[in-house]
Amino acid sequence: MIVLKHLPNALTLSNLFCGCLTVLSILSDQLTLVPIFITISLLADYSDGLVARLLKVSSPMGRELDSLADMVSFGVVPGMMLFYMINKAEGISMINFSDTSTYLGLVGFVVTVFSCLRLAKFNLDTRQTEGFVGLNTPACTIFVLGILLLEIAPNNYYGLQQIWTNTIFLVATSCVLAYLLVAEIPMFSFKFKSLSLNENKVRFSFIIISIACLILFEFGAALSVIILNYILISVILWMGGLLKREKREF
């Protein structure tokens, strides 16, 4: 029983560990390992809270550990991916800070900075229990991962590879994602409290749209398009009054 009590924190730390492995994979140019480690991080991040609820164990330390792990896996990692892709688009294969052309890639870490700000706000914001306010860091990471996978894909699906992997798009993506991370825009949660169709119409609809994206697009492009749909649906629901933005309480 004592071992089970620490299982949620062990899952959280495995999320952190895989985040570190993702960074090493990018630095060593072993990009095929990146989606594997990110997937494990995502599964660990989702399951630690679920396991904690099933075992009826929770603690303030677990909450803090979760944010610290997410900062690496879903804060440092997307910044690192953007840094890598911007440098590659500029024809830079090695990091050399004596060369000013390397500095443009640092724009990718704007996402890392704003991810940190978002995670700090999330811990204090009592509004984000049923849904999110702003783009959550795992969704942000999935979007960037999709671009990375598209870059190394053998086929240029619908011309997206050429468009999404150029410097201007990547720099703009970094800035837009940074804004969305802290934007006062309510976004629906992926978590199901029940399987009721009436209570989960939005989530089931999103699943159907996501499956269609996976069929129509290459896997990497599909991931990014799915997150774009998530943002778009959330904004439409918000503007239609179906998602409310409560007053900030901190």
# chains A, B, ... in the order shown; residues from 1 in each chain; ligands from 1

$ residues_around --residues "stretch 47-62 of chain A" --least-positions-apart "5" --cutoff "8 Å" --atoms "only C-alpha atoms" --output "JSON, numbers by chain"
{"A": [4, 5, 7, 8, 9, 11, 12]}

$ residues_around --residues "stretch 146-152 of chain A" --least-positions-apart "4" --cutoff "7 Å" --atoms "only C-alpha atoms" --output "list of chain:residue names"
A:Ile142, A:Gln161, A:Trp164, A:Thr165, A:Gly220, A:Ala221, A:Leu223, A:Ser224

$ select_by_dssp --residues "stretch 20-239 of chain A" --states "alpha helix (DSSP H)" --output "VMD selection string"
chain A and resid 20 to 27 34 to 55 60 to 71 77 to 89 110 to 124 137 to 151 160 to 164 167 to 182 201 to 216 219 to 239

$ closest_residue --among "A:Ala222, A:Leu16, A:Val23, A:Ala183" --to "A:Ile40" --atoms "only C-alpha atoms"
A:Leu16

$ closest_residue --among "A:Arg203, A:His6, A:Lys88, A:Arg63" --to "A:Asn123" --atoms "only C-alpha atoms"
A:Arg63

$ residues_around --residues "A:Cys18" --least-positions-apart "2" --cutoff "7 Å" --atoms "only C-alpha atoms" --output "CSV table (one decimal) with C-alpha atoms, in the first residue's frame"
chain,number,residue,atom,x,y,z
A,14,SER,CA,8.5,9.5,-15.5
A,15,ASN,CA,6.8,12.3,-17.5
A,16,LEU,CA,9.7,14.6,-16.5
A,20,CYS,CA,14.6,15.1,-20.7
A,21,LEU,CA,15.0,12.3,-23.1
A,22,THR,CA,13.1,14.2,-25.7
A,37,PHE,CA,9.1,10.1,-25.6
A,38,ILE,CA,6.5,12.8,-26.0
A,40,ILE,CA,5.0,8.5,-23.0
A,41,SER,CA,5.1,12.0,-21.3

$ closest_residue --among "A:Ile231, A:Ala69, A:Ile185, A:Leu42" --to "A:Val133" --atoms "only C-alpha atoms"
A:Ile185

$ residues_around --residues "A:Phe74" --least-positions-apart "5" --cutoff "8 Å" --atoms "only C-alpha atoms" --output "PyMOL selection string"
chain A and resi 19+115+137-138+140-141

$ closest_residue --among "A:Asn229, A:Ser189, A:Ser205, A:Ser28" --to "A:Ile95" --atoms "only C-alpha atoms"
A:Ser28

$ decode --residues "stretch 207-248 of chain A" --atoms "N, CA and C atoms" --output "PDB file, in the first residue's frame"
ATOM      1  N   ILE A 207     -13.720  14.299 -31.381  1.00  0.00           N
ATOM      2  CA  ILE A 207     -13.100  13.003 -31.677  1.00  0.00           C
ATOM      3  C   ILE A 207     -13.351  12.607 -33.130  1.00  0.00           C
ATOM      4  N   ILE A 208     -14.584  12.805 -33.593  1.00  0.00           N
ATOM      5  CA  ILE A 208     -14.930  12.465 -34.980  1.00  0.00           C
ATOM      6  C   ILE A 208     -14.115  13.314 -35.957  1.00  0.00           C
ATOM      7  N   ILE A 209     -14.015  14.617 -35.672  1.00  0.00           N
ATOM      8  CA  ILE A 209     -13.229  15.515 -36.523  1.00  0.00           C
ATOM      9  C   ILE A 209     -11.763  15.101 -36.516  1.00  0.00           C
ATOM     10  N   SER A 210     -11.261  14.712 -35.351  1.00  0.00           N
ATOM     11  CA  SER A 210      -9.853  14.303 -35.228  1.00  0.00           C
ATOM     12  C   SER A 210      -9.573  13.040 -36.046  1.00  0.00           C
ATOM     13  N   ILE A 211     -10.501  12.085 -36.008  1.00  0.00           N
ATOM     14  CA  ILE A 211     -10.343  10.858 -36.801  1.00  0.00           C
ATOM     15  C   ILE A 211     -10.311  11.191 -38.286  1.00  0.00           C
ATOM     16  N   ALA A 212     -11.179  12.121 -38.702  1.00  0.00           N
ATOM     17  CA  ALA A 212     -11.206  12.549 -40.106  1.00  0.00           C
ATOM     18  C   ALA A 212      -9.879  13.183 -40.503  1.00  0.00           C
ATOM     19  N   CYS A 213      -9.293  13.956 -39.604  1.00  0.00           N
ATOM     20  CA  CYS A 213      -7.995  14.594 -39.873  1.00  0.00           C
ATOM     21  C   CYS A 213      -6.902  13.542 -40.039  1.00  0.00           C
ATOM     22  N   LEU A 214      -6.952  12.522 -39.207  1.00  0.00           N
ATOM     23  CA  LEU A 214      -5.949  11.450 -39.288  1.00  0.00           C
ATOM     24  C   LEU A 214      -6.066  10.676 -40.601  1.00  0.00           C
ATOM     25  N   ILE A 215      -7.286  10.611 -41.149  1.00  0.00           N
ATOM     26  CA  ILE A 215      -7.498   9.919 -42.418  1.00  0.00           C
ATOM     27  C   ILE A 215      -7.052  10.789 -43.595  1.00  0.00           C
ATOM     28  N   LEU A 216      -7.344  12.084 -43.517  1.00  0.00           N
ATOM     29  CA  LEU A 216      -7.105  12.985 -44.642  1.00  0.00           C
ATOM     30  C   LEU A 216      -5.661  13.478 -44.743  1.00  0.00           C
ATOM     31  N   PHE A 217      -4.996  13.587 -43.588  1.00  0.00           N
ATOM     32  CA  PHE A 217      -3.662  14.175 -43.567  1.00  0.00           C
ATOM     33  C   PHE A 217      -2.610  13.148 -43.154  1.00  0.00           C
ATOM     34  N   GLU A 218      -1.366  13.461 -43.494  1.00  0.00           N
ATOM     35  CA  GLU A 218      -0.220  12.730 -42.942  1.00  0.00           C
ATOM     36  C   GLU A 218      -0.246  12.909 -41.435  1.00  0.00           C
ATOM     37  N   PHE A 219       0.256  11.921 -40.697  1.00  0.00           N
ATOM     38  CA  PHE A 219       0.096  11.898 -39.240  1.00  0.00           C
ATOM     39  C   PHE A 219       0.576  13.184 -38.567  1.00  0.00           C
ATOM     40  N   GLY A 220       1.761  13.666 -38.954  1.00  0.00           N
ATOM     41  CA  GLY A 220       2.289  14.881 -38.335  1.00  0.00           C
ATOM     42  C   GLY A 220       1.404  16.072 -38.584  1.00  0.00           C
ATOM     43  N   ALA A 221       1.029  16.265 -39.851  1.00  0.00           N
ATOM     44  CA  ALA A 221       0.145  17.380 -40.194  1.00  0.00           C
ATOM     45  C   ALA A 221      -1.191  17.241 -39.478  1.00  0.00           C
ATOM     46  N   ALA A 222      -1.678  15.992 -39.352  1.00  0.00           N
ATOM     47  CA  ALA A 222      -2.961  15.745 -38.689  1.00  0.00           C
ATOM     48  C   ALA A 222      -2.935  16.231 -37.244  1.00  0.00           C
ATOM     49  N   LEU A 223      -1.822  15.986 -36.543  1.00  0.00           N
ATOM     50  CA  LEU A 223      -1.719  16.426 -35.147  1.00  0.00           C
ATOM     51  C   LEU A 223      -1.893  17.931 -35.029  1.00  0.00           C
ATOM     52  N   SER A 224      -1.203  18.669 -35.897  1.00  0.00           N
ATOM     53  CA  SER A 224      -1.287  20.135 -35.849  1.00  0.00           C
ATOM     54  C   SER A 224      -2.683  20.616 -36.243  1.00  0.00           C
ATOM     55  N   VAL A 225      -3.273  19.991 -37.265  1.00  0.00           N
ATOM     56  CA  VAL A 225      -4.615  20.375 -37.703  1.00  0.00           C
ATOM     57  C   VAL A 225      -5.643  20.082 -36.606  1.00  0.00           C
ATOM     58  N   ILE A 226      -5.464  18.983 -35.897  1.00  0.00           N
ATOM     59  CA  ILE A 226      -6.372  18.633 -34.796  1.00  0.00           C
ATOM     60  C   ILE A 226      -6.341  19.702 -33.711  1.00  0.00           C
ATOM     61  N   ILE A 227      -5.152  20.165 -33.355  1.00  0.00           N
ATOM     62  CA  ILE A 227      -5.049  21.215 -32.326  1.00  0.00           C
ATOM     63  C   ILE A 227      -5.617  22.527 -32.840  1.00  0.00           C
ATOM     64  N   LEU A 228      -5.424  22.817 -34.130  1.00  0.00           N
ATOM     65  CA  LEU A 228      -6.041  24.010 -34.717  1.00  0.00           C
ATOM     66  C   LEU A 228      -7.558  23.933 -34.613  1.00  0.00           C
ATOM     67  N   ASN A 229      -8.106  22.757 -34.879  1.00  0.00           N
ATOM     68  CA  ASN A 229      -9.553  22.558 -34.747  1.00  0.00           C
ATOM     69  C   ASN A 229     -10.004  22.735 -33.306  1.00  0.00           C
ATOM     70  N   TYR A 230      -9.198  22.229 -32.380  1.00  0.00           N
ATOM     71  CA  TYR A 230      -9.517  22.370 -30.952  1.00  0.00           C
ATOM     72  C   TYR A 230      -9.619  23.852 -30.558  1.00  0.00           C
ATOM     73  N   ILE A 231      -8.644  24.630 -31.012  1.00  0.00           N
ATOM     74  CA  ILE A 231      -8.643  26.068 -30.711  1.00  0.00           C
ATOM     75  C   ILE A 231      -9.842  26.741 -31.363  1.00  0.00           C
ATOM     76  N   LEU A 232     -10.075  26.423 -32.635  1.00  0.00           N
ATOM     77  CA  LEU A 232     -11.176  27.042 -33.383  1.00  0.00           C
ATOM     78  C   LEU A 232     -12.527  26.713 -32.764  1.00  0.00           C
ATOM     79  N   ILE A 233     -12.746  25.435 -32.417  1.00  0.00           N
ATOM     80  CA  ILE A 233     -14.015  25.033 -31.803  1.00  0.00           C
ATOM     81  C   ILE A 233     -14.220  25.750 -30.470  1.00  0.00           C
ATOM     82  N   SER A 234     -13.154  25.844 -29.676  1.00  0.00           N
ATOM     83  CA  SER A 234     -13.248  26.522 -28.380  1.00  0.00           C
ATOM     84  C   SER A 234     -13.612  27.990 -28.549  1.00  0.00           C
ATOM     85  N   VAL A 235     -12.994  28.652 -29.522  1.00  0.00           N
ATOM     86  CA  VAL A 235     -13.280  30.072 -29.769  1.00  0.00           C
ATOM     87  C   VAL A 235     -14.724  30.253 -30.232  1.00  0.00           C
ATOM     88  N   ILE A 236     -15.196  29.362 -31.125  1.00  0.00           N
ATOM     89  CA  ILE A 236     -16.582  29.443 -31.608  1.00  0.00           C
ATOM     90  C   ILE A 236     -17.567  29.240 -30.462  1.00  0.00           C
ATOM     91  N   LEU A 237     -17.301  28.252 -29.618  1.00  0.00           N
ATOM     92  CA  LEU A 237     -18.174  27.997 -28.462  1.00  0.00           C
ATOM     93  C   LEU A 237     -18.173  29.178 -27.511  1.00  0.00           C
ATOM     94  N   TRP A 238     -17.002  29.765 -27.306  1.00  0.00           N
ATOM     95  CA  TRP A 238     -16.879  30.932 -26.421  1.00  0.00           C
ATOM     96  C   TRP A 238     -17.670  32.114 -26.981  1.00  0.00           C
ATOM     97  N   MET A 239     -17.483  32.397 -28.258  1.00  0.00           N
ATOM     98  CA  MET A 239     -18.181  33.527 -28.883  1.00  0.00           C
ATOM     99  C   MET A 239     -19.683  33.287 -28.942  1.00  0.00           C
ATOM    100  N   GLY A 240     -20.076  32.003 -28.975  1.00  0.00           N
ATOM    101  CA  GLY A 240     -21.493  31.675 -28.985  1.00  0.00           C
ATOM    102  C   GLY A 240     -22.102  31.594 -27.597  1.00  0.00           C
ATOM    103  N   GLY A 241     -21.288  31.839 -26.576  1.00  0.00           N
ATOM    104  CA  GLY A 241     -21.771  31.849 -25.204  1.00  0.00           C
ATOM    105  C   GLY A 241     -21.867  30.481 -24.567  1.00  0.00           C
ATOM    106  N   LEU A 242     -21.353  29.438 -25.249  1.00  0.00           N
ATOM    107  CA  LEU A 242     -21.432  28.087 -24.700  1.00  0.00           C
ATOM    108  C   LEU A 242     -20.250  27.764 -23.783  1.00  0.00           C
ATOM    109  N   LEU A 243     -19.197  28.555 -23.892  1.00  0.00           N
ATOM    110  CA  LEU A 243     -18.074  28.466 -22.958  1.00  0.00           C
ATOM    111  C   LEU A 243     -17.919  29.823 -22.301  1.00  0.00           C
ATOM    112  N   LYS A 244     -18.001  29.853 -20.997  1.00  0.00           N
ATOM    113  CA  LYS A 244     -17.960  31.130 -20.291  1.00  0.00           C
ATOM    114  C   LYS A 244     -16.567  31.401 -19.729  1.00  0.00           C
ATOM    115  N   ARG A 245     -16.206  32.673 -19.751  1.00  0.00           N
ATOM    116  CA  ARG A 245     -14.946  33.091 -19.157  1.00  0.00           C
ATOM    117  C   ARG A 245     -15.259  33.772 -17.830  1.00  0.00           C
ATOM    118  N   GLU A 246     -14.992  33.068 -16.758  1.00  0.00           N
ATOM    119  CA  GLU A 246     -15.273  33.611 -15.435  1.00  0.00           C
ATOM    120  C   GLU A 246     -14.213  34.653 -15.054  1.00  0.00           C
ATOM    121  N   LYS A 247     -14.559  35.459 -14.089  1.00  0.00           N
ATOM    122  CA  LYS A 247     -13.649  36.495 -13.634  1.00  0.00           C
ATOM    123  C   LYS A 247     -12.422  35.878 -12.971  1.00  0.00           C
ATOM    124  N   ARG A 248     -11.259  36.428 -13.293  1.00  0.00           N
ATOM    125  CA  ARG A 248     -10.014  35.927 -12.705  1.00  0.00           C
ATOM    126  C   ARG A 248     -10.036  36.156 -11.198  1.00  0.00           C
TER     127      ARG A 248
END
